Amino acid sequence: MGTTASPRGPGIVRFTKVALEYPRRGTALTDVSFEVAKGEFVFLTGHSGAGKSTILKLVAMQERPTHGDVRVTGYSSTTAKRRDIPKLRRKLGIVFQDFRLLEDRSVEQNIAFALEVIGTPPGAIAPKVARLLTQVGLASKGTSQLHELSGGEQQRVAIARALVNDPLVLVADEPTGNLDAKATSGIFQLLRDINAAGTAVLMATHDLSLIHRSGLRFLALDRGHLVYDGDDASRLATA
Amino acid sequence: MRLALREAMLGFRRAPLLSVLGIVTIAFSLFSVGVFALVALNVRDAIRAIEDRVEIRAYLTAGTEDDQVAIAVSDLESQPGVAKATYVSPDQALERAKKEFVAFGDEFEDAVLPGSIELRLKEGFRDPQAVDKVATLLKAYPFIDDVRYGREWIEKIYRLRSVAAAVGGGLGVVFALAAVIIIGATIRMEVLARAREIKIMQLVGATDGFIRSPFLIEGCLKGLAGGVLALLLAYVAQVIVSGALGYADVRFFAPWQALLGVVAGAVIGVLGSLMSVGRHLRQV
Ligand SMILES: Nc1ncnc2c1ncn2[C@@H]1O[C@H](COP(=O)(O)OP(=O)(O)OP(=O)(O)O)[C@@H](O)[C@H]1O
Ligand SMILES: [Mg+2]
């Protein structure tokens with residue numbers, strides 16, 4: 001069947017013939033084009049080294065393409081200045097497999113830190129922290145130290161932190177990669193809820209059953225090439 | 001801003017030893033520059049005092065008419081750079097010699113001393129070239145026999161001053177560079193210790209300026225502290241040196257010069273941290 005099963009609104013992320021070559025390491029991506037609509041949920045899958053993380057780094061403009069153009073919420077990789085990047089990032093949320101939290105601080109402090117960084121007025125920080133913790137299901141854990149939390153809970157903290165900007169796009173690089181099945185479905189449900197509230201989600205994963213069960217659109221990558229874009233789960237095996 | 005200040009103070013607490021090292025380096029470099037500056041200041045004062053006595057004396061051939069001399073004197077006084085020209089007649093010369101060498105008073109009884117014209121130069125016309133120029137002018141008069149002035153003396157003092165200025169300036173630049181590098185290294189350690197936080201800040205959309213500011217504040221505070229410490233050291237040194245020399249008018253910095261030194265410390269601190277944070281931000 002066709003490769004465009006998802007309803008496509010105006011693209012909020014658009015890759016046009018994107019290639020990325022790392023000096024000496026060779027080509028990480030070749031001629032990748034796709035579009036993600038506002039409020040869409042899209043998986044990225046493929047073997048290790050296929051280029052999933054590279055695509056997410058391009059979305060966050062941690063990398064710039066060697067060829068082609070990456071356009072995210074109105075910012076184009078071809079024209080964006082260095083000082084535009086913070087503005088772009090304030091429309092994104094970014095989540096990693098390894099959480100990237102501040103280990104020596106409490107749950108609340110981790111989220112408050114991000115809020116301070118983006119210039120939230122001091123009086124507005126505590127209520128917003130409480131609201132975000134409720135949203136990710138950690139309302140009772142605010143004062144816990146990070147090491148007292150399970151992996152799934154730590155990832156929830158990271159997701160709460162990614163939501164400080166009320167992002168248009170949430171970028172998640174194997175967010176369930178370190179979690180067991182139960183924690184995985186919990187985190188996935190949380191991402192689905194965030195998506196249902198209007199945030200587009202781009203999630204890289206090796207978990208094919210998760211894609212299969214969800215029936216959502218996925219981009220399959222193979223050695224830097226985009227080999228499938230659609231929601232036909234039967235194509236997962238070939239990816 | 002509050003966050004930046006808090007983070008800056010955190011830097012002090014997290015690496016107290018390194019922070020102190022950085023401050024002491026800045027203090028030491030500024031102190032070295034300061035000592036040279038003080039020496040230069042005081043040498044300049046000394047030169048001024050000597051320059052005040054710079055005079056040219058032109059001896060007249062015997063039998064020069066008084067009215068010839070009067071014309072020359074008024075001529076000379078209208079020359080740029082000449083403050084005062086005075087005619088000292090042979091009689092007056094004898095009077096003076098007697099007064100200055102009372103012990104030998106009798107010896108002078110029958111001596112015949114030559115008349116002369118004494119020239120005092122204006123400030124700013126006492127350097128070797130200007131003195132030479134006036135001397136040449138004097139030699140042009142037919143009745144001038146000989147022109148005397150402390151030529152070598154003047155040149156020596158001026159050379160000394162140039163050398164002192166060059167050495168002081170050169171050392172100042174070298175020490176300031178060393179201070180920038182050491183403060184840079186201190187801040188770099190801070191930056192590396194906080195690389196994770198910086199990364200997170202960048203991911204949620206902090207501007208470079210925002211990330212830089214606590215480090216710049218930290219560098220600035222360290223520089224100010226170093227500047228004040230250097231000033232204190234210089235003051236102590238000045239007190240000790242003037243005590244040892246036994247006279248009180250060894251000069252210290254004027255308030256604006258002291259302030260300039262402290263500000264220079266802040267500039268060194270800010271430059272050092274700008275360097276290392278800038279490098280870190282360009283890498284990530
Ligand atoms: N910073 C880098 N410098 C050089 N090469 C890199 C860099 N990052 C990634 N690569 C290379 O780019 C290719 C794609 O890497 P990428 O991280 O996107 O893969 P991935 O699909 O995320 O893999 P994984 O499932 O293991 O996370 C790989 O060959 C990798 O070695
Ligand atoms: Mg990856």
# chains A, B, ... in the order shown; residues from 1 in each chain; ligands from 1
$ closest_atom_pairs --of "range 58-97 of chain A" --to "range 152-167 of chain A" --cutoff "6 Å" --atoms "only C-alpha atoms" --output "Markdown table"
| residue | atom | partner | partner_atom | distance |
| --- | --- | --- | --- | --- |
| A:Arg90 | CA | A:Asn165 | CA | 5.5 |
| A:Lys91 | CA | A:Pro167 | CA | 4.6 |
| A:Leu92 | CA | A:Pro167 | CA | 4.6 |
| A:Gly93 | CA | A:Ala162 | CA | 4.2 |
| A:Ile94 | CA | A:Ala162 | CA | 5.5 |
$ write_last_selection --atoms "C-alpha atoms" --output "compact mmCIF listing (two decimals), in the first residue's frame"
# COMPACT_ATOMS: atom_id res chain seq x y z
CA ARG A 90 12.33 26.76 23.09
CA LYS A 91 9.76 25.22 20.78
CA LEU A 92 11.20 21.73 21.27
CA GLY A 93 11.38 19.19 24.04
CA ILE A 94 14.28 16.73 24.00
$ residues_around --residues "range 135-137 of chain B" --least-positions-apart "6" --cutoff "10 Å" --atoms "only C-alpha atoms" --output "PyMOL selection string"
chain B and resi 56-58+76+79+119+129+146-149
$ interface_residues --of "chain A" --to "chain B" --cutoff "12 Å" --atoms "only C-alpha atoms" --output "JSON, numbers by chain"
{"A": [57, 59, 60, 61, 62, 63, 82, 83, 84, 85, 86, 87, 88, 89, 90, 91, 92, 93, 94, 95, 96, 99, 100, 101, 102, 103, 104, 105, 110, 111, 112, 113, 114, 115, 116, 117, 118, 119, 120, 121, 122, 158, 159, 160, 161, 162, 163, 164, 165, 166, 167, 170, 171]}
$ write_last_selection --atoms "N, CA and C atoms" --output "compact mmCIF listing (two decimals), in the first residue's frame"
# COMPACT_ATOMS: atom_id res chain seq x y z
N LYS A 57 19.16 14.73 16.06
CA LYS A 57 20.11 15.83 16.28
C LYS A 57 19.92 16.93 15.25
N VAL A 59 17.06 17.66 13.88
CA VAL A 59 15.83 18.37 14.25
C VAL A 59 16.14 19.43 15.31
N ALA A 60 16.97 19.07 16.29
CA ALA A 60 17.31 20.01 17.36
C ALA A 60 18.43 20.96 16.94
N MET A 61 18.90 20.82 15.69
CA MET A 61 20.01 21.60 15.16
C MET A 61 21.26 21.50 16.02
N GLN A 62 21.47 20.30 16.60
CA GLN A 62 22.76 20.02 17.20
C GLN A 62 23.76 19.71 16.10
N GLU A 63 23.23 19.30 14.97
CA GLU A 63 24.03 19.11 13.76
C GLU A 63 23.34 19.87 12.63
N ARG A 82 23.40 31.11 14.57
CA ARG A 82 23.64 30.48 15.86
C ARG A 82 22.70 31.02 16.93
N ARG A 83 22.41 32.31 16.86
CA ARG A 83 21.56 32.89 17.90
C ARG A 83 20.09 32.51 17.72
N ASP A 84 19.73 31.91 16.57
CA ASP A 84 18.35 31.42 16.38
C ASP A 84 18.13 30.09 17.08
N ILE A 85 19.22 29.37 17.33
CA ILE A 85 19.08 28.01 17.84
C ILE A 85 18.38 27.97 19.20
N PRO A 86 18.75 28.86 20.16
CA PRO A 86 17.98 28.85 21.41
C PRO A 86 16.49 29.10 21.19
N LYS A 87 16.17 29.95 20.23
CA LYS A 87 14.74 30.23 19.95
C LYS A 87 14.05 28.97 19.43
N LEU A 88 14.74 28.25 18.54
CA LEU A 88 14.19 26.99 18.04
C LEU A 88 14.00 26.00 19.19
N ARG A 89 15.04 25.89 20.04
CA ARG A 89 14.98 24.89 21.11
C ARG A 89 13.85 25.17 22.09
N ARG A 90 13.44 26.44 22.18
CA ARG A 90 12.33 26.76 23.09
C ARG A 90 10.98 26.33 22.53
N LYS A 91 11.00 25.79 21.32
CA LYS A 91 9.76 25.22 20.78
C LYS A 91 9.85 23.70 20.77
N LEU A 92 11.00 23.17 21.27
CA LEU A 92 11.20 21.73 21.27
C LEU A 92 11.30 21.19 22.69
N GLY A 93 11.02 19.89 22.82
CA GLY A 93 11.38 19.19 24.04
C GLY A 93 12.28 18.05 23.62
N ILE A 94 13.33 17.76 24.41
CA ILE A 94 14.28 16.73 24.00
C ILE A 94 14.47 15.73 25.14
N VAL A 95 14.36 14.44 24.81
CA VAL A 95 14.46 13.38 25.81
C VAL A 95 15.44 12.32 25.30
N PHE A 96 16.26 11.79 26.21
CA PHE A 96 17.27 10.81 25.81
C PHE A 96 17.09 9.49 26.55
N PHE A 99 18.49 9.75 30.09
CA PHE A 99 17.81 10.78 30.91
C PHE A 99 18.51 12.14 30.97
N ARG A 100 19.83 12.14 31.17
CA ARG A 100 20.61 13.38 31.27
C ARG A 100 20.04 14.34 32.31
N LEU A 101 19.89 13.82 33.51
CA LEU A 101 19.41 14.65 34.61
C LEU A 101 20.60 15.06 35.49
N LEU A 102 20.37 16.02 36.38
CA LEU A 102 21.42 16.41 37.33
C LEU A 102 21.29 15.52 38.56
N GLU A 103 22.24 14.60 38.68
CA GLU A 103 22.13 13.52 39.67
C GLU A 103 22.15 14.04 41.11
N ASP A 104 22.80 15.17 41.31
CA ASP A 104 22.99 15.63 42.68
C ASP A 104 21.86 16.55 43.15
N ARG A 105 20.76 16.56 42.40
CA ARG A 105 19.66 17.44 42.80
C ARG A 105 18.34 16.67 42.86
N ASN A 110 15.61 19.66 39.48
CA ASN A 110 15.93 19.40 38.08
C ASN A 110 15.00 20.17 37.15
N ILE A 111 13.74 20.20 37.49
CA ILE A 111 12.77 20.88 36.62
C ILE A 111 12.85 22.39 36.81
N ALA A 112 13.02 22.79 38.07
CA ALA A 112 13.13 24.22 38.36
C ALA A 112 14.34 24.82 37.65
N PHE A 113 15.44 24.06 37.59
CA PHE A 113 16.65 24.53 36.91
C PHE A 113 16.34 24.90 35.46
N ALA A 114 15.64 24.00 34.77
CA ALA A 114 15.29 24.27 33.36
C ALA A 114 14.38 25.49 33.26
N LEU A 115 13.45 25.62 34.20
CA LEU A 115 12.54 26.76 34.16
C LEU A 115 13.30 28.07 34.38
N GLU A 116 14.25 28.04 35.32
CA GLU A 116 15.06 29.24 35.57
C GLU A 116 15.84 29.63 34.32
N VAL A 117 16.41 28.60 33.69
CA VAL A 117 17.25 28.84 32.52
C VAL A 117 16.48 29.55 31.41
N ILE A 118 15.21 29.20 31.25
CA ILE A 118 14.45 29.84 30.17
C ILE A 118 13.77 31.12 30.65
N GLY A 119 14.14 31.57 31.85
CA GLY A 119 13.70 32.89 32.29
C GLY A 119 12.30 32.94 32.89
N THR A 120 11.83 31.83 33.46
CA THR A 120 10.54 31.83 34.13
C THR A 120 10.62 32.73 35.38
N PRO A 121 9.64 33.61 35.60
CA PRO A 121 9.68 34.47 36.80
C PRO A 121 9.71 33.60 38.05
N PRO A 122 10.53 33.97 39.05
CA PRO A 122 10.71 33.13 40.25
C PRO A 122 9.38 32.68 40.86
N ALA A 158 12.70 13.50 33.22
CA ALA A 158 13.30 14.07 32.01
C ALA A 158 12.21 14.58 31.06
N ILE A 159 11.10 13.85 30.99
CA ILE A 159 10.00 14.29 30.11
C ILE A 159 9.37 15.56 30.67
N ALA A 160 9.18 15.60 31.99
CA ALA A 160 8.65 16.83 32.60
C ALA A 160 9.55 18.01 32.26
N ARG A 161 10.87 17.79 32.34
CA ARG A 161 11.80 18.86 32.01
C ARG A 161 11.67 19.27 30.54
N ALA A 162 11.43 18.28 29.67
CA ALA A 162 11.31 18.58 28.24
C ALA A 162 10.04 19.38 27.96
N LEU A 163 9.11 19.37 28.91
CA LEU A 163 7.84 20.07 28.68
C LEU A 163 7.85 21.51 29.17
N VAL A 164 8.98 21.96 29.76
CA VAL A 164 8.99 23.32 30.33
C VAL A 164 8.67 24.37 29.28
N ASN A 165 9.03 24.11 28.02
CA ASN A 165 8.80 25.10 26.97
C ASN A 165 7.44 24.97 26.29
N ASP A 166 6.56 24.08 26.80
CA ASP A 166 5.31 23.76 26.10
C ASP A 166 5.61 23.51 24.62
N PRO A 167 6.39 22.47 24.33
CA PRO A 167 6.94 22.31 22.99
C PRO A 167 5.91 21.99 21.91
N LEU A 170 8.18 17.17 20.36
CA LEU A 170 8.96 16.46 21.37
C LEU A 170 9.82 15.44 20.65
N VAL A 171 11.14 15.51 20.89
CA VAL A 171 12.09 14.64 20.24
C VAL A 171 12.58 13.65 21.29
$ select_by_dssp --residues "range 1-206 of chain B" --states "strand (DSSP E or B)" --output "MDAnalysis selection string"
chainID B and resid 55:60 82:88 116:121 144:148
$ residues_near_ligand --ligand "ligand 2" --cutoff "8 Å" --atoms "only C-alpha atoms and all ligand atoms" --output "PyMOL selection string"
chain A and resi 48-49+51-54+173-174+204
$ residues_near_ligand --ligand "ligand 1" --cutoff "10 Å" --atoms "only C-alpha atoms and all ligand atoms" --output "PyMOL selection string"
chain A and resi 20-29+44-58+63+97+173-174+177+204-206+221-224
$ select_by_dssp --residues "range 18-257 of chain B" --states "alpha helix (DSSP H)" --output "VMD selection string"
chain B and resid 18 to 51 66 to 77 90 to 100 128 to 139 151 to 193 195 to 203 208 to 245 255 to 257
$ residues_around --residues "Val169 in chain A" --least-positions-apart "6" --cutoff "6 Å" --atoms "only C-alpha atoms" --output "MDAnalysis selection string"
chainID A and resid 92 199:201
$ closest_residue --among "B:Ala85, B:Tyr59, B:Ile47, B:Asp67" --to "Asp127 in chain B" --atoms "only C-alpha atoms"
B:Ile47
$ atom_distance --atom1 "CA of Asp31 in chain A" --atom2 "CA of Ala19 in chain A"
5.3 Å
$ atom_distance --atom1 "CA of Ala196 in chain A" --atom2 "CA of Leu219 in chain A"
20.1 Å
$ atom_distance --atom1 "CA of Gly184 in chain B" --atom2 "CA of Leu10 in chain B"
17.2 Å
$ closest_residue --among "A:Arg192, A:Asn178, A:Lys81, A:Phe43" --to "Ala233 in chain A" --atoms "only C-alpha atoms"
A:Phe43
$ decode --residues "range 82-233 of chain A" --atoms "C-alpha atoms" --output "CSV table (one decimal), in the first residue's frame"
chain,number,residue,atom,x,y,z
A,82,ARG,CA,23.6,30.5,15.9
A,83,ARG,CA,21.6,32.9,17.9
A,84,ASP,CA,18.4,31.4,16.4
A,85,ILE,CA,19.1,28.0,17.8
A,86,PRO,CA,18.0,28.9,21.4
A,87,LYS,CA,14.7,30.2,19.9
A,88,LEU,CA,14.2,27.0,18.0
A,89,ARG,CA,15.0,24.9,21.1
A,90,ARG,CA,12.3,26.8,23.1
A,91,LYS,CA,9.8,25.2,20.8
A,92,LEU,CA,11.2,21.7,21.3
A,93,GLY,CA,11.4,19.2,24.0
A,94,ILE,CA,14.3,16.7,24.0
A,95,VAL,CA,14.5,13.4,25.8
A,96,PHE,CA,17.3,10.8,25.8
A,97,GLN,CA,17.7,7.2,26.6
A,98,ASP,CA,20.1,8.0,29.5
A,99,PHE,CA,17.8,10.8,30.9
A,100,ARG,CA,20.6,13.4,31.3
A,101,LEU,CA,19.4,14.7,34.6
A,102,LEU,CA,21.4,16.4,37.3
A,103,GLU,CA,22.1,13.5,39.7
A,104,ASP,CA,23.0,15.6,42.7
A,105,ARG,CA,19.7,17.4,42.8
A,106,SER,CA,16.1,16.6,43.7
A,107,VAL,CA,13.3,16.0,41.2
A,108,GLU,CA,11.9,19.5,41.7
A,109,GLN,CA,15.3,21.1,41.4
A,110,ASN,CA,15.9,19.4,38.1
A,111,ILE,CA,12.8,20.9,36.6
A,112,ALA,CA,13.1,24.2,38.4
A,113,PHE,CA,16.6,24.5,36.9
A,114,ALA,CA,15.3,24.3,33.4
A,115,LEU,CA,12.5,26.8,34.2
A,116,GLU,CA,15.1,29.2,35.6
A,117,VAL,CA,17.3,28.8,32.5
A,118,ILE,CA,14.4,29.8,30.2
A,119,GLY,CA,13.7,32.9,32.3
A,120,THR,CA,10.5,31.8,34.1
A,121,PRO,CA,9.7,34.5,36.8
A,122,PRO,CA,10.7,33.1,40.2
A,123,GLY,CA,7.1,33.2,41.5
A,124,ALA,CA,5.9,31.1,38.7
A,125,ILE,CA,8.4,28.3,39.1
A,126,ALA,CA,7.0,26.3,42.0
A,127,PRO,CA,3.4,26.1,40.6
A,128,LYS,CA,4.7,25.1,37.2
A,129,VAL,CA,7.0,22.4,38.7
A,130,ALA,CA,4.0,21.0,40.5
A,131,ARG,CA,1.8,21.1,37.4
A,132,LEU,CA,4.5,19.3,35.3
A,133,LEU,CA,5.1,16.7,38.0
A,134,THR,CA,1.4,16.0,38.1
A,135,GLN,CA,1.3,15.7,34.3
A,136,VAL,CA,4.0,13.0,34.3
A,137,GLY,CA,2.5,11.2,37.3
A,138,LEU,CA,5.2,12.1,39.9
A,139,ALA,CA,3.2,14.6,42.0
A,140,SER,CA,4.3,12.9,45.2
A,141,LYS,CA,8.0,12.6,44.3
A,142,GLY,CA,9.0,16.2,44.0
A,143,THR,CA,11.4,16.2,46.9
A,144,SER,CA,13.0,12.8,46.2
A,145,GLN,CA,16.6,12.6,45.2
A,146,LEU,CA,17.2,11.2,41.8
A,147,HIS,CA,18.9,8.0,43.0
A,148,GLU,CA,15.7,7.2,44.9
A,149,LEU,CA,13.8,6.8,41.7
A,150,SER,CA,13.4,3.9,39.3
A,151,GLY,CA,14.5,4.2,35.7
A,152,GLY,CA,10.9,4.8,34.5
A,153,GLU,CA,10.5,7.5,37.1
A,154,GLN,CA,13.7,9.2,36.1
A,155,GLN,CA,12.6,9.2,32.5
A,156,ARG,CA,9.3,10.9,33.6
A,157,VAL,CA,11.4,13.6,35.3
A,158,ALA,CA,13.3,14.1,32.0
A,159,ILE,CA,10.0,14.3,30.1
A,160,ALA,CA,8.6,16.8,32.6
A,161,ARG,CA,11.8,18.9,32.0
A,162,ALA,CA,11.3,18.6,28.2
A,163,LEU,CA,7.8,20.1,28.7
A,164,VAL,CA,9.0,23.3,30.3
A,165,ASN,CA,8.8,25.1,27.0
A,166,ASP,CA,5.3,23.8,26.1
A,167,PRO,CA,6.9,22.3,23.0
A,168,LEU,CA,5.5,22.0,19.5
A,169,VAL,CA,7.7,19.0,18.9
A,170,LEU,CA,9.0,16.5,21.4
A,171,VAL,CA,12.1,14.6,20.2
A,172,ALA,CA,12.7,11.4,22.1
A,173,ASP,CA,15.8,9.3,21.4
A,174,GLU,CA,15.1,5.7,22.6
A,175,PRO,CA,13.3,7.0,25.7
A,176,THR,CA,12.4,3.4,26.7
A,177,GLY,CA,15.7,1.9,25.8
A,178,ASN,CA,16.8,1.4,29.4
A,179,LEU,CA,13.4,0.4,30.7
A,180,ASP,CA,11.5,-2.9,31.3
A,181,ALA,CA,8.2,-3.7,29.5
A,182,LYS,CA,6.0,-2.3,32.2
A,183,ALA,CA,7.9,1.0,32.5
A,184,THR,CA,8.1,1.2,28.7
A,185,SER,CA,4.4,1.0,28.2
A,186,GLY,CA,4.0,3.6,31.0
A,187,ILE,CA,6.4,6.1,29.3
A,188,PHE,CA,4.8,5.4,25.9
A,189,GLN,CA,1.4,6.1,27.2
A,190,LEU,CA,2.7,9.4,28.7
A,191,LEU,CA,4.1,10.3,25.3
A,192,ARG,CA,0.8,9.5,23.7
A,193,ASP,CA,-1.0,11.7,26.2
A,194,ILE,CA,1.4,14.6,25.5
A,195,ASN,CA,0.8,14.0,21.8
A,196,ALA,CA,-3.0,14.0,22.2
A,197,ALA,CA,-2.6,17.4,23.7
A,198,GLY,CA,-1.2,18.7,20.4
A,199,THR,CA,2.6,18.2,20.6
A,200,ALA,CA,4.1,16.4,17.6
A,201,VAL,CA,6.3,13.5,18.8
A,202,LEU,CA,9.3,12.0,17.0
A,203,MET,CA,10.5,8.9,18.8
A,204,ALA,CA,13.4,6.7,17.9
A,205,THR,CA,13.1,3.1,19.1
A,206,HIS,CA,14.3,-0.5,18.6
A,207,ASP,CA,11.1,-1.8,20.1
A,208,LEU,CA,9.3,-3.1,17.0
A,209,SER,CA,6.4,-4.6,19.0
A,210,LEU,CA,5.7,-1.1,20.4
A,211,ILE,CA,5.3,0.2,16.8
A,212,HIS,CA,3.4,-2.8,15.8
A,213,ARG,CA,0.8,-2.5,18.6
A,214,SER,CA,0.4,1.3,18.2
A,215,GLY,CA,-0.3,1.1,14.4
A,216,LEU,CA,1.4,4.5,14.1
A,217,ARG,CA,3.5,5.9,11.3
A,218,PHE,CA,7.2,5.0,11.3
A,219,LEU,CA,10.2,5.9,9.3
A,220,ALA,CA,12.5,2.9,8.7
A,221,LEU,CA,16.2,3.7,8.2
A,222,ASP,CA,18.9,1.5,6.9
A,223,ARG,CA,22.5,2.6,6.8
A,224,GLY,CA,21.5,6.2,6.4
A,225,HIS,CA,18.8,5.7,3.8
A,226,LEU,CA,15.1,6.2,4.5
A,227,VAL,CA,13.7,2.8,3.3
A,228,TYR,CA,10.1,3.0,4.4
A,229,ASP,CA,7.7,5.8,5.6
A,230,GLY,CA,4.2,4.7,6.5
A,231,ASP,CA,2.1,2.8,9.0
A,232,ASP,CA,2.1,-0.7,7.5
A,233,ALA,CA,3.4,-2.8,10.4
